[in-house]
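Structure below is run02.csv: CSV, C-alpha atoms.
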chain,number,residue,atom,x,y,z
A,1353,MET,CA,-2.8,-64.1,-26.4
A,1354,LYS,CA,-1.2,-66.9,-24.3
A,1355,GLU,CA,0.6,-64.3,-22.2
A,1356,SER,CA,-2.7,-62.5,-21.5
A,1357,ILE,CA,-4.4,-65.8,-20.5
A,1358,ALA,CA,-1.4,-66.7,-18.3
A,1359,ARG,CA,-1.6,-63.3,-16.5
A,1360,GLU,CA,-5.3,-63.7,-15.9
A,1361,LEU,CA,-4.7,-67.2,-14.4
A,1362,MET,CA,-2.0,-65.8,-12.1
A,1363,MET,CA,-4.2,-62.9,-10.9
A,1364,PRO,CA,-5.9,-63.6,-7.5
A,1365,LYS,CA,-9.6,-64.5,-7.8
A,1366,LYS,CA,-11.9,-61.8,-6.7
A,1367,ASN,CA,-14.2,-62.6,-3.9
A,1368,LYS,CA,-17.9,-62.2,-5.0
A,1369,ILE,CA,-20.5,-60.7,-2.8
A,1370,LEU,CA,-24.2,-60.2,-3.4
A,1371,LEU,CA,-25.7,-57.3,-1.4
A,1372,SER,CA,-29.5,-57.3,-1.1
A,1373,ILE,CA,-31.9,-54.6,0.0
A,1374,SER,CA,-35.4,-53.7,-1.0
A,1375,THR,CA,-34.7,-50.3,-2.5
A,1376,LEU,CA,-32.0,-47.7,-2.7
A,1377,ARG,CA,-34.3,-44.8,-1.9
A,1378,GLY,CA,-33.3,-42.3,0.8
A,1379,GLY,CA,-33.0,-43.8,4.2
A,1380,GLY,CA,-30.4,-44.9,6.9
A,1381,ALA,CA,-30.2,-48.5,5.9
A,1382,GLU,CA,-29.9,-47.6,2.2
A,1383,ARG,CA,-27.2,-45.1,2.9
A,1384,VAL,CA,-25.1,-47.7,4.8
A,1385,MET,CA,-25.6,-50.3,2.1
A,1386,SER,CA,-24.4,-47.8,-0.6
A,1387,ILE,CA,-21.4,-46.9,1.5
A,1388,LEU,CA,-20.5,-50.6,2.1
A,1389,ALA,CA,-21.0,-51.5,-1.6
A,1390,ASN,CA,-18.8,-48.7,-2.8
A,1391,LYS,CA,-16.0,-49.5,-0.4
A,1392,LEU,CA,-16.1,-53.2,-1.0
A,1393,ALA,CA,-15.7,-52.5,-4.8
A,1394,LYS,CA,-12.8,-50.3,-4.1
A,1395,ASN,CA,-11.2,-53.0,-1.9
A,1396,GLY,CA,-11.3,-55.5,-4.8
A,1397,TRP,CA,-14.6,-57.4,-4.2
A,1398,ASP,CA,-16.8,-58.3,-7.1
A,1399,VAL,CA,-20.0,-56.6,-5.9
A,1400,GLN,CA,-23.5,-57.2,-7.1
A,1401,LEU,CA,-26.2,-55.0,-5.5
A,1402,LEU,CA,-29.7,-56.2,-5.8
A,1403,THR,CA,-33.0,-54.3,-5.2
A,1404,TYR,CA,-36.6,-54.9,-6.1
A,1405,SER,CA,-37.1,-51.4,-7.6
A,1406,ASN,CA,-38.0,-50.6,-11.2
A,1407,PRO,CA,-34.8,-50.6,-13.4
A,1408,ALA,CA,-35.6,-47.0,-14.4
A,1409,GLU,CA,-35.4,-45.9,-10.8
A,1410,LYS,CA,-32.2,-44.1,-10.0
A,1411,PRO,CA,-30.6,-44.8,-6.6
A,1412,PHE,CA,-30.9,-41.9,-4.2
A,1413,TYR,CA,-27.2,-42.4,-3.2
A,1414,LYS,CA,-24.3,-42.7,-5.6
A,1415,ILE,CA,-23.3,-46.2,-6.6
A,1416,ASP,CA,-19.9,-46.7,-8.2
A,1417,GLU,CA,-19.7,-47.9,-11.8
A,1418,ASP,CA,-17.7,-51.0,-10.8
A,1419,ILE,CA,-20.8,-52.3,-9.0
A,1420,SER,CA,-23.3,-54.5,-10.9
A,1421,LEU,CA,-26.7,-53.0,-10.0
A,1422,VAL,CA,-29.7,-55.4,-10.5
A,1423,GLN,CA,-33.2,-54.1,-10.0
A,1424,LEU,CA,-35.9,-56.8,-10.2
A,1425,ASP,CA,-38.9,-54.6,-10.6
A,1426,CYS,CA,-41.2,-56.4,-8.2
A,1427,LEU,CA,-42.3,-53.8,-5.6
A,1428,ASN,CA,-46.0,-53.7,-5.0
A,1429,GLN,CA,-47.6,-52.5,-1.8
A,1430,HIS,CA,-51.2,-53.1,-2.9
A,1431,LYS,CA,-52.7,-55.6,-0.4
A,1432,ILE,CA,-54.1,-58.0,-3.0
A,1433,LYS,CA,-51.0,-58.0,-5.1
A,1434,ARG,CA,-48.5,-58.1,-2.2
A,1435,ILE,CA,-48.3,-61.9,-2.0
A,1436,MET,CA,-47.6,-62.1,-5.8
A,1437,SER,CA,-45.0,-59.4,-5.3
A,1438,LEU,CA,-43.3,-61.4,-2.6
A,1439,ALA,CA,-43.4,-64.5,-4.7
A,1440,LYS,CA,-41.7,-62.6,-7.6
A,1441,ARG,CA,-39.1,-61.3,-5.2
A,1442,PHE,CA,-38.3,-64.8,-4.0
A,1443,LEU,CA,-38.0,-66.3,-7.5
A,1444,GLY,CA,-36.1,-63.3,-8.8
A,1445,LEU,CA,-33.6,-63.3,-5.9
A,1446,ARG,CA,-33.1,-67.1,-6.1
A,1447,ASN,CA,-32.5,-67.0,-9.8
A,1448,GLN,CA,-30.0,-64.1,-9.4
A,1449,ILE,CA,-28.2,-65.9,-6.6
A,1450,LYS,CA,-27.8,-69.0,-8.9
A,1451,LYS,CA,-26.7,-66.8,-11.8
A,1452,PHE,CA,-24.1,-64.7,-9.9
A,1453,HIS,CA,-23.1,-67.5,-7.5
A,1454,PRO,CA,-21.5,-65.3,-4.9
A,1455,ASP,CA,-19.1,-66.4,-2.2
A,1456,VAL,CA,-21.2,-64.7,0.4
A,1457,ILE,CA,-24.6,-62.8,0.6
A,1458,LEU,CA,-25.4,-59.8,2.8
A,1459,SER,CA,-29.0,-58.8,3.3
A,1460,PHE,CA,-30.5,-55.7,5.1
A,1461,LEU,CA,-33.9,-55.3,6.9
A,1462,ASP,CA,-36.2,-57.9,8.3
A,1463,THR,CA,-38.6,-58.8,5.4
A,1464,ASN,CA,-35.7,-58.9,2.9
A,1465,ASN,CA,-33.6,-60.9,5.3
A,1466,ILE,CA,-36.3,-63.6,5.6
A,1467,LEU,CA,-36.7,-63.7,1.8
A,1468,THR,CA,-33.0,-63.9,1.2
A,1469,LEU,CA,-32.6,-66.8,3.7
A,1470,LEU,CA,-35.5,-68.6,2.1
A,1471,SER,CA,-34.2,-67.9,-1.5
A,1472,SER,CA,-30.8,-69.3,-0.7
A,1473,VAL,CA,-32.0,-72.7,0.8
A,1474,GLY,CA,-30.0,-75.6,-0.7
A,1475,LEU,CA,-27.5,-73.4,-2.6
A,1476,LYS,CA,-24.7,-73.8,-0.1
A,1477,ILE,CA,-23.9,-70.1,0.0
A,1478,PRO,CA,-23.4,-68.4,3.4
A,1479,VAL,CA,-25.9,-65.7,4.2
A,1480,ILE,CA,-25.4,-62.8,6.6
A,1481,VAL,CA,-28.4,-60.8,7.7
A,1482,SER,CA,-28.4,-57.4,9.4
A,1483,GLU,CA,-31.1,-55.7,11.4
A,1484,ARG,CA,-30.9,-51.9,11.1
A,1485,THR,CA,-33.3,-50.7,13.8
A,1486,ASN,CA,-34.5,-51.4,17.3
A,1487,PRO,CA,-36.4,-54.7,17.2
A,1488,LYS,CA,-38.3,-54.1,20.4
A,1489,ILE,CA,-40.0,-51.0,19.2
A,1490,SER,CA,-39.9,-51.1,15.4
A,1491,PRO,CA,-43.4,-52.3,14.3
A,1492,ILE,CA,-43.7,-56.0,13.4
A,1493,SER,CA,-46.6,-58.5,13.6
A,1494,ASN,CA,-46.5,-61.6,15.8
A,1495,PHE,CA,-46.7,-63.8,12.8
A,1496,LYS,CA,-43.8,-62.1,11.1
A,1497,LYS,CA,-41.7,-62.2,14.3
A,1498,ILE,CA,-42.1,-65.9,14.5
A,1499,ILE,CA,-40.9,-66.4,10.9
A,1500,ARG,CA,-38.1,-63.8,11.4
A,1501,ASP,CA,-36.8,-65.5,14.5
A,1502,TRP,CA,-36.9,-68.9,12.9
A,1503,ALA,CA,-35.1,-67.6,9.8
A,1504,TYR,CA,-32.4,-65.8,11.7
A,1505,LYS,CA,-31.4,-69.0,13.4
A,1506,LYS,CA,-30.7,-70.4,10.0
A,1507,ALA,CA,-28.4,-67.4,9.0
A,1508,ASN,CA,-24.6,-67.9,9.0
A,1509,CYS,CA,-24.4,-64.7,10.9
A,1510,LEU,CA,-26.6,-61.9,12.3
A,1511,VAL,CA,-25.1,-58.4,12.4
A,1512,VAL,CA,-26.5,-55.6,14.5
A,1513,GLN,CA,-25.4,-52.0,15.2
A,1514,ASN,CA,-24.9,-51.9,19.0
A,1515,LYS,CA,-24.8,-54.0,22.1
A,1516,GLY,CA,-28.3,-53.1,23.1
A,1517,ILE,CA,-29.8,-54.8,20.0
A,1518,GLN,CA,-27.3,-57.7,20.4
A,1519,GLU,CA,-28.7,-58.3,23.9
A,1520,ILE,CA,-32.3,-58.3,22.6
A,1521,PHE,CA,-31.7,-60.9,20.0
A,1522,PHE,CA,-29.7,-63.1,22.4
A,1523,ALA,CA,-32.5,-62.9,25.0
A,1524,ASP,CA,-35.3,-63.5,22.4
A,1525,ILE,CA,-33.9,-66.2,20.2
A,1526,GLY,CA,-30.6,-67.2,21.6
A,1527,VAL,CA,-28.6,-65.9,18.7
A,1528,LYS,CA,-25.3,-64.2,19.4
A,1529,ALA,CA,-25.1,-61.4,16.9
A,1530,GLU,CA,-22.0,-59.6,15.7
A,1531,VAL,CA,-21.9,-55.9,16.5
A,1532,ILE,CA,-20.7,-53.6,13.7
A,1533,PRO,CA,-21.5,-49.9,14.0
A,1534,ASN,CA,-22.6,-47.8,11.1
A,1535,PRO,CA,-19.8,-46.4,9.0
A,1536,ILE,CA,-19.4,-42.8,8.0
A,1537,VAL,CA,-17.5,-41.3,5.1
A,1538,ILE,CA,-15.4,-38.4,6.4
A,1539,HIS,CA,-14.8,-35.6,3.9
A,1540,PRO,CA,-12.0,-33.5,5.2
A,1541,GLU,CA,-13.1,-30.6,3.1
A,1542,VAL,CA,-16.5,-30.4,4.7
A,1543,LYS,CA,-16.4,-28.8,8.1
A,1544,TRP,CA,-19.0,-27.2,10.4
A,1545,LYS,CA,-19.2,-23.5,9.7
A,1546,GLY,CA,-22.3,-22.6,11.6
A,1547,HIS,CA,-22.9,-19.2,9.9
A,1548,GLN,CA,-26.7,-19.5,10.0
A,1549,LYS,CA,-28.8,-19.3,13.1
A,1550,GLU,CA,-30.6,-22.5,12.4
A,1551,PHE,CA,-31.5,-25.7,14.3
A,1552,ILE,CA,-31.4,-28.4,11.7
A,1553,THR,CA,-32.4,-32.1,11.5
A,1554,LEU,CA,-32.6,-34.9,9.0
A,1555,GLY,CA,-34.8,-38.0,8.8
A,1556,ARG,CA,-38.0,-39.5,7.5
A,1557,LEU,CA,-41.2,-37.6,8.3
A,1558,ASP,CA,-42.6,-40.1,10.7
A,1559,GLU,CA,-43.9,-39.9,14.3
A,1560,ALA,CA,-41.0,-42.2,15.4
A,1561,LYS,CA,-38.5,-39.4,14.7
A,1562,GLY,CA,-40.1,-37.3,17.4
A,1563,TYR,CA,-40.7,-34.1,15.3
A,1564,THR,CA,-43.9,-33.4,17.2
A,1565,TYR,CA,-41.8,-32.7,20.3
A,1566,LEU,CA,-39.1,-30.9,18.4
A,1567,ILE,CA,-41.6,-28.5,16.8
A,1568,GLU,CA,-43.2,-28.0,20.2
A,1569,ALA,CA,-39.8,-27.3,21.8
A,1570,PHE,CA,-38.8,-24.7,19.2
A,1571,SER,CA,-42.1,-23.0,19.7
A,1572,LYS,CA,-41.3,-22.6,23.4
A,1573,ILE,CA,-38.0,-20.7,22.7
A,1574,LYS,CA,-39.0,-18.8,19.6
A,1575,ASP,CA,-39.4,-15.5,21.5
A,1576,GLN,CA,-36.0,-15.9,23.3
A,1577,HIS,CA,-34.3,-16.5,19.9
A,1578,PRO,CA,-36.3,-14.4,17.4
A,1579,ASP,CA,-33.6,-14.6,14.7
A,1580,TRP,CA,-33.4,-18.4,14.7
A,1581,VAL,CA,-35.3,-20.9,12.5
A,1582,LEU,CA,-35.8,-24.7,12.5
A,1583,LYS,CA,-35.2,-26.7,9.4
A,1584,ILE,CA,-36.4,-30.3,8.9
A,1585,PHE,CA,-35.2,-32.3,5.9
A,1586,GLY,CA,-37.0,-35.5,5.0
A,1587,ASN,CA,-39.8,-37.3,3.2
A,1588,GLY,CA,-42.5,-39.5,4.7
A,1589,LYS,CA,-46.1,-40.3,5.6
A,1590,ASP,CA,-46.5,-37.8,8.4
A,1591,LYS,CA,-45.5,-34.7,6.5
A,1592,ASP,CA,-49.0,-33.2,6.5
A,1593,LYS,CA,-49.4,-33.8,10.2
A,1594,PHE,CA,-46.2,-31.9,11.0
A,1595,LYS,CA,-47.2,-29.1,8.6
A,1596,ASN,CA,-50.6,-28.8,10.3
A,1597,GLN,CA,-48.8,-28.6,13.7
A,1598,ILE,CA,-46.6,-25.8,12.4
A,1599,ARG,CA,-49.6,-24.0,11.0
A,1600,SER,CA,-51.5,-24.3,14.3
A,1601,LEU,CA,-48.6,-22.6,16.1
A,1602,ASN,CA,-48.4,-19.8,13.4
A,1603,MET,CA,-44.8,-20.8,12.8
A,1604,GLU,CA,-44.7,-21.1,9.0
A,1605,ASN,CA,-42.1,-18.4,8.8
A,1606,ARG,CA,-39.9,-20.0,11.4
A,1607,ILE,CA,-40.1,-23.8,10.8
A,1608,PHE,CA,-39.5,-25.2,7.4
A,1609,ILE,CA,-39.9,-28.8,6.1
A,1610,ASN,CA,-37.7,-29.6,3.0
A,1611,PRO,CA,-37.2,-32.7,0.9
A,1612,SER,CA,-34.5,-35.3,1.7
A,1613,ILE,CA,-30.9,-34.5,0.6
A,1614,ASN,CA,-28.3,-37.0,-0.6
A,1615,LYS,CA,-25.3,-35.0,0.5
A,1616,PRO,CA,-26.3,-34.0,4.0
A,1617,ALA,CA,-22.9,-33.0,5.4
A,1618,GLU,CA,-22.6,-30.0,3.0
A,1619,GLU,CA,-26.1,-28.8,3.8
A,1620,ILE,CA,-26.0,-29.1,7.6
A,1621,SER,CA,-22.6,-27.6,7.9
A,1622,LYS,CA,-24.1,-24.1,7.4
A,1623,SER,CA,-26.4,-24.3,10.4
A,1624,LYS,CA,-25.5,-23.7,14.0
A,1625,ILE,CA,-26.9,-26.7,15.8
A,1626,PHE,CA,-28.1,-30.2,14.9
A,1627,VAL,CA,-31.1,-31.6,16.8
A,1628,PHE,CA,-32.0,-35.2,16.8
A,1629,SER,CA,-35.4,-36.0,18.4
A,1630,SER,CA,-36.0,-39.7,17.7
A,1631,LEU,CA,-38.1,-41.9,20.0
A,1632,PHE,CA,-36.1,-45.1,19.0
A,1633,GLU,CA,-33.2,-45.9,16.7
A,1634,GLY,CA,-30.7,-48.6,15.6
A,1635,MET,CA,-27.8,-46.3,15.1
A,1636,PRO,CA,-28.5,-42.8,13.7
A,1637,ASN,CA,-26.5,-42.0,10.5
A,1638,ALA,CA,-27.6,-38.3,10.5
A,1639,LEU,CA,-26.4,-37.7,14.0
A,1640,MET,CA,-23.1,-39.4,13.3
A,1641,GLU,CA,-22.6,-37.3,10.1
A,1642,ALA,CA,-23.3,-34.1,12.0
A,1643,MET,CA,-20.8,-35.0,14.7
A,1644,ALA,CA,-18.2,-36.1,12.2
A,1645,ILE,CA,-18.0,-32.5,10.7
A,1646,GLY,CA,-17.6,-31.0,14.1
A,1647,MET,CA,-21.1,-29.8,14.6
A,1648,PRO,CA,-22.6,-29.3,18.1
A,1649,VAL,CA,-25.5,-31.7,18.6
A,1650,ILE,CA,-28.5,-32.3,20.8
A,1651,SER,CA,-30.1,-35.7,20.9
A,1652,THR,CA,-32.8,-37.6,22.7
A,1653,ASP,CA,-31.4,-40.4,24.8
A,1654,CYS,CA,-33.4,-43.1,23.0
A,1655,ASP,CA,-32.8,-46.8,22.7
A,1656,PHE,CA,-30.5,-47.4,21.0
A,1657,GLY,CA,-27.6,-45.4,19.5
A,1658,PRO,CA,-27.3,-41.9,20.8
A,1659,SER,CA,-25.9,-42.8,24.2
A,1660,ASP,CA,-23.2,-44.9,22.4
A,1661,LEU,CA,-22.2,-41.9,20.5
A,1662,ILE,CA,-22.7,-39.0,22.9
A,1663,LYS,CA,-21.2,-38.5,26.4
A,1664,ASN,CA,-23.5,-35.8,27.8
A,1665,ASN,CA,-21.9,-32.3,28.1
A,1666,LYS,CA,-18.7,-33.7,26.6
A,1667,ASN,CA,-19.3,-34.1,22.9
A,1668,GLY,CA,-23.0,-33.3,22.7
A,1669,LEU,CA,-26.2,-32.9,24.8
A,1670,LEU,CA,-28.6,-35.7,25.7
A,1671,VAL,CA,-32.2,-35.2,26.7
A,1672,PRO,CA,-35.1,-37.5,27.6
A,1673,ILE,CA,-37.4,-38.7,24.8
A,1674,LYS,CA,-40.9,-37.2,24.4
A,1675,ASN,CA,-39.9,-34.2,26.6
A,1676,SER,CA,-40.3,-30.9,24.7
A,1677,GLU,CA,-39.5,-28.9,27.9
A,1678,LYS,CA,-36.1,-30.5,28.4
A,1679,LEU,CA,-35.4,-30.4,24.7
A,1680,ALA,CA,-36.3,-26.6,24.6
A,1681,GLU,CA,-33.9,-26.0,27.5
A,1682,ALA,CA,-31.0,-27.7,25.8
A,1683,MET,CA,-31.7,-25.9,22.5
A,1684,SER,CA,-31.8,-22.5,24.2
A,1685,ARG,CA,-28.7,-23.2,26.3
A,1686,LEU,CA,-26.6,-24.2,23.3
A,1687,ALA,CA,-27.9,-21.4,21.1
A,1688,LYS,CA,-26.8,-18.8,23.7
A,1689,ASP,CA,-23.3,-20.3,24.2
A,1690,SER,CA,-20.8,-20.1,21.3
A,1691,ASN,CA,-18.0,-21.5,23.4
A,1692,LEU,CA,-20.0,-24.5,24.3
A,1693,GLN,CA,-20.9,-25.0,20.6
A,1694,ASN,CA,-17.2,-25.0,19.7
A,1695,SER,CA,-16.1,-27.3,22.5
A,1696,LEU,CA,-18.9,-29.9,21.8
A,1697,GLY,CA,-18.3,-29.7,18.1
A,1698,ASN,CA,-14.6,-30.3,18.4
A,1699,ALA,CA,-15.1,-33.2,20.7
A,1700,ALA,CA,-17.8,-34.7,18.5
A,1701,ALA,CA,-15.5,-34.7,15.4
A,1702,TYR,CA,-12.7,-36.5,17.4
A,1703,SER,CA,-15.1,-39.1,18.8
A,1704,MET,CA,-16.4,-40.1,15.3
A,1705,LYS,CA,-13.0,-41.1,13.9
A,1706,LYS,CA,-13.4,-44.7,15.0
A,1707,TYR,CA,-16.5,-45.0,12.8
A,1708,GLU,CA,-14.7,-44.0,9.6
A,1709,ILE,CA,-15.5,-46.4,6.7
A,1710,ASN,CA,-11.8,-47.6,6.4
A,1711,LYS,CA,-12.0,-48.9,10.0
A,1712,VAL,CA,-15.6,-50.3,9.9
A,1713,ILE,CA,-15.2,-52.1,6.6
A,1714,LEU,CA,-12.5,-54.3,8.2
A,1715,LEU,CA,-15.0,-55.5,10.7
A,1716,TRP,CA,-17.4,-56.4,7.8
A,1717,GLU,CA,-14.7,-58.1,5.8
A,1718,ASN,CA,-13.6,-60.2,8.8
A,1719,VAL,CA,-17.2,-61.5,9.1
A,1720,PHE,CA,-17.4,-62.2,5.4
A,1721,LYS,CA,-14.1,-64.2,5.4
A,1722,LYS,CA,-15.1,-66.0,8.6
A,1723,VAL,CA,-18.4,-67.4,7.2
A,1724,MET,CA,-16.8,-68.1,3.8
A,1725,LYS,CA,-14.1,-70.2,5.5
A,1726,GLU,CA,-16.7,-72.0,7.7
A,1727,ASN,CA,-18.6,-72.8,4.5
A,1728,GLU,CA,-15.6,-74.4,2.6
Now that the file is in, can you turn its structure into structure tokens?
Amino acid sequence: MKESIARELMMPKKNKILLSISTLRGGGAERVMSILANKLAKNGWDVQLLTYSNPAEKPFYKIDEDISLVQLDCLNQHKIKRIMSLAKRFLGLRNQIKKFHPDVILSFLDTNNILTLLSSVGLKIPVIVSERTNPKISPISNFKKIIRDWAYKKANCLVVQNKGIQEIFFADIGVKAEVIPNPIVIHPEVKWKGHQKEFITLGRLDEAKGYTYLIEAFSKIKDQHPDWVLKIFGNGKDKDKFKNQIRSLNMENRIFINPSINKPAEEISKSKIFVFSSLFEGMPNALMEAMAIGMPVISTDCDFGPSDLIKNNKNGLLVPIKNSEKLAEAMSRLAKDSNLQNSLGNAAAYSMKKYEINKVILLWENVFKKVMKENE
């Protein structure tokens, strides 16, 4: 017994981190949070992952058993009950912070970032907040923006995904954010095969993803490529709108909308070409994952993200946003040229190595340790 206690006392103390995000349903921020949580646990951190979902709700992405998952069951989008829901989140989060007493807290997404900063007031625990989309275009009310900007100045660190977003926050509120790109998990066994003549894309069914222009672009080249189809994987509020558009073009047998998938690399690897049509982004996970498996990609040159990842005609093709004509031209050009598909795909896979989780996690851990040391 004494020897066991002595061994425990000699073992280095685990750093404790609380990760906070509203839900773990499908989505880019949720995917990144799950990747970070799993890797931190593997690296020896004591990880608690907190959401506001019902405890019976299973996370969309796999969470390792070593992670303590806490789901506070206080989500409510009903307008009348929303204030009560926010109050429950605040109290539940603050109580959990006191109970777990982490060495550092990391929060994702603006509303949750504000709540996390308010919930930690007076507890002397460093808080890192992270924006996961383009703040200039992502919808936010003026009132919420005032609160967000005030709260972010109180954070120990703000983390963003690229220099474009960093410049926005510095210009708006004078905060110098740290830039950490999205991580990707590279599975060596999953490679682009491209057996099926398909254009494929992933992302929530929302106008912001530019699917109106993608559907229109495919309709322009359907006769040139009669044996090709377009597949869209995602869930979201504009599903019926896109289905109606497909129906109006009489393309139900050529364009297919399917539910979100939690292992995208395996699914997209079968298709010839990945097409990304967003109007704005933070840093697109789906595009990165397609490139990582050596898949030829076409993307809109939206703010921000794609131009950080793609050098036009080198490791992918870039086209203007909201331009179905240029998008159609790029899709047709790449569909006709198997040599170009292979060269772009090989270059894409090579360019994604710097975003591999083992490299990106070091950037996060450096930030964690820096704010922890400053808080001593």
(message) From the options A:Ser1630, A:Asn1665, A:Asn1508, A:Gln1400, which residue's atoms come nearest to Ser1651 of chain A, counting only C-alpha atoms?
(response)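 Answer, going by the shortest atom-to-atom distance: A:Ser1630.
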(request) Identify which of the residues A:Lys1721, A:Thr1468, A:Glu1728, A:Leu1661 lies closest to Tyr1707 of chain A, counting all atoms listed in the file when measuring atom-to-atom distances. (result)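 Of A:Lys1721, A:Thr1468, A:Glu1728, A:Leu1661, the one nearest Tyr1707 of chain A, counting all atoms listed in the file, is A:Leu1661.
With atom CA of Leu1469 of chain A on one side and atom CA of Gly1396 of chain A on the other, the separation reads 25.6 Å.
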(request) Could you tell me which of A:Leu1566, A:Ile1645, A:Ala1503, A:Ala1389 comes closest to Glu1541 of chain A if we count all atoms listed in the file? (result)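 Between A:Leu1566, A:Ile1645, A:Ala1503, A:Ala1389, the residue approaching Glu1541 of chain A most closely is A:Ile1645.
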(request) Go ahead and compute the interatomic distance for atom CA of Lys1391 of chain A and atom CA of His1453 of chain A, in Å to one decimal. (result)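 Distance reported for this atom pair: 20.6 Å.
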(message) Could you check the closest approach to Lys1572 of chain A for each of A:Ile1499, A:Val1527, A:Asn1587, A:Ser1684 and tell me which residue wins, using all atoms listed in the file?
(response)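 Closest residue, counting all atoms listed in the file: A:Ser1684.
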(message) I'd like to know which of A:Ile1489, A:Ile1435, A:Val1456, A:Leu1557 is closest to Trp1397 of chain A, using only C-alpha atoms.
(response)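 Among the listed residues, A:Val1456 lies closest to Trp1397 of chain A.
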